[in-house]
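Have a look at the structure below before the remarks.
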Amino acid sequence: MNAVDVLKYGHQTVLQTLDRVPVSAWEAGGVCGVWSVKEIIAHLASYEHLLIDVLNGLLGGGPTPCLDGYLEVSAAFNDLEVEKRKGKTVDETLEEYNAAQAQTMALIAQVPVEARRQPGTLPWYGTEYALEDFIVYQYYGHKREHCAQIDVYRDRLAG
């Protein structure tokens with residue numbers, strides 16, 4: 001597996017999905033539970049920040065506040081992170097997501113391939129898993145799931 005490609009194609013899927021939804025429909029709830037398209041993108045932005053912290057941690061790059069929060073509050077992480085971004089506009093939310101995703105791409109390129117594939121590097125995720133497993137399940141699969149929800153919402157709009 002190539003983590004760089006997995007992250008790139010996951011991001012492209014998000015952008016292609018968003019291109020099919022009118023911006024005027026981004027703030028209506030009910031796309032994923034109570035969340036709107038904007039809130040889903042806020043959620044994905046928070047996960048990009050989480051991956052930035054994971055990658056910085058592997059690269060010895062200092063504090064990891066998003067990861068620390070994720071590990072501390074676990075199930076509440078999603079709602080807390082989306083709530084933090086409620087006051088942002090659609091454009092600001094998308095800009096944050098895109099900027100964080102660009103940062104993850106720059107950081108993943110710095111992690112040696114052997115380290116990406118080494119089981120146990122993220123003990124909090126599971127000692128049998130490697131960074132690449134985390135990226136496939138928590139990023140690519142996660143984005144595909146939310147994009148499918150956005151597509152269903154778009155189909156309801158066209159209805």
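As shown in the structure tokens, the chain order sets the letters A, B, ...; within each chain, residues go from 1, and ligands are also counted from 1 in the order they appear.
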Q.
I'd like the neighbourhood of Val90 (chain A) as a list in words, where a residue qualifies if any of its atoms comes within 12 Å (using only C-alpha atoms), though same-chain residues fewer than 2 positions away should be ignored.
A.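 So the residues in contact are Leu18, Pro22, Val23, Ser24, Ala25, Trp26, Glu27, Ala28, Ser36, Val37, Lys38, Glu39, Ile40, Ile41, Ala42, Arg85, Lys86, Gly87, Lys88, Glu92, Thr93, Leu94, Glu95, Glu96 and Tyr97 of chain A.
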Could you take the residues named above and write them with C-alpha atoms, as a compact mmCIF listing (two decimals), in the first residue's frame?
```txt
# COMPACT_ATOMS: atom_id res chain seq x y z
CA LEU A 18 -18.41 18.39 -2.66
CA PRO A 22 -24.57 23.23 -4.18
CA VAL A 23 -22.94 25.42 -1.55
CA SER A 24 -26.42 26.70 -0.69
CA ALA A 25 -27.24 23.20 0.62
CA TRP A 26 -24.16 22.79 2.83
CA GLU A 27 -25.73 23.97 6.08
CA ALA A 28 -28.91 21.88 6.18
CA SER A 36 -24.79 19.08 7.68
CA VAL A 37 -22.27 18.87 4.83
CA LYS A 38 -20.39 21.76 6.46
CA GLU A 39 -20.28 19.89 9.78
CA ILE A 40 -19.05 16.73 8.06
CA ILE A 41 -16.21 18.77 6.55
CA ALA A 42 -15.52 20.30 9.99
CA ARG A 85 -16.00 25.04 14.20
CA LYS A 86 -19.70 26.04 14.29
CA GLY A 87 -18.93 29.74 13.88
CA LYS A 88 -16.93 29.24 10.71
CA GLU A 92 -13.55 28.84 6.18
CA THR A 93 -14.45 25.26 7.05
CA LEU A 94 -13.38 23.98 3.65
CA GLU A 95 -10.23 26.10 3.77
CA GLU A 96 -9.30 24.58 7.15
CA TYR A 97 -9.87 21.07 5.85
```
Q: Find, counting only C-alpha atoms, the residue in A:Asp5, A:Asp79, A:Ile135, A:Asp53 that gets nearest to Gly33 (chain A).
A: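 The closest residue to Gly33 (chain A) is A:Asp79.
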Q. If you count only C-alpha atoms, which residues fall within 9 Å of region 136-138 of chain A, apart from same-chain ones fewer than 2 positions away, as a ChimeraX atom specification?
A. /A:3,6-7,47,131-134,140-143
Q. Out of A:Pro119, A:Ser46, A:Trp35, A:Leu58, which residue has the shortest atom-to-atom distance to Leu80 (chain A) when counting only C-alpha atoms?
A. A:Ser46
Q | Gap from CA of Tyr70 (chain A) to CA of Val82 (chain A) - Å, one decimal | A | 12.9 Å
Q) Smallest atom-to-atom distance to Gln149 (chain A): which of A:Thr89, A:Thr104, A:Thr17, A:Gln110, using only C-alpha atoms? A) A:Thr17
Q) What is the distance, in Å and to one decimal place, between CA of Val54 (chain A) and CA of Asn2 (chain A)? A) 17.4 Å
Q.
as a list of chain:residue names, please: every residue in region 17-55 of chain A that DSSP puts in helix (DSSP H, G or I).
A. A:Thr17, A:Leu18, A:Asp19, A:Val23, A:Ser24, A:Ala25, A:Val37, A:Lys38, A:Glu39, A:Ile40, A:Ile41, A:Ala42, A:His43, A:Leu44, A:Ala45, A:Ser46, A:Tyr47, A:Glu48, A:His49, A:Leu50, A:Leu51, A:Ile52, A:Asp53, A:Val54, A:Leu55
Q: Would you work out the distance separating CA of Arg117 (chain A) from CA of Leu51 (chain A), expressed in Å to one decimal?
A: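 Between CA of Arg117 (chain A) and CA of Leu51 (chain A) the gap works out to 15.7 Å.
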Q: Rank A:Gly30, A:Gly120, A:Leu67, A:Tyr139 by their smallest atom-to-atom distance to Arg154 (chain A), using only C-alpha atoms, and report the top residue only.
A: A:Gly30
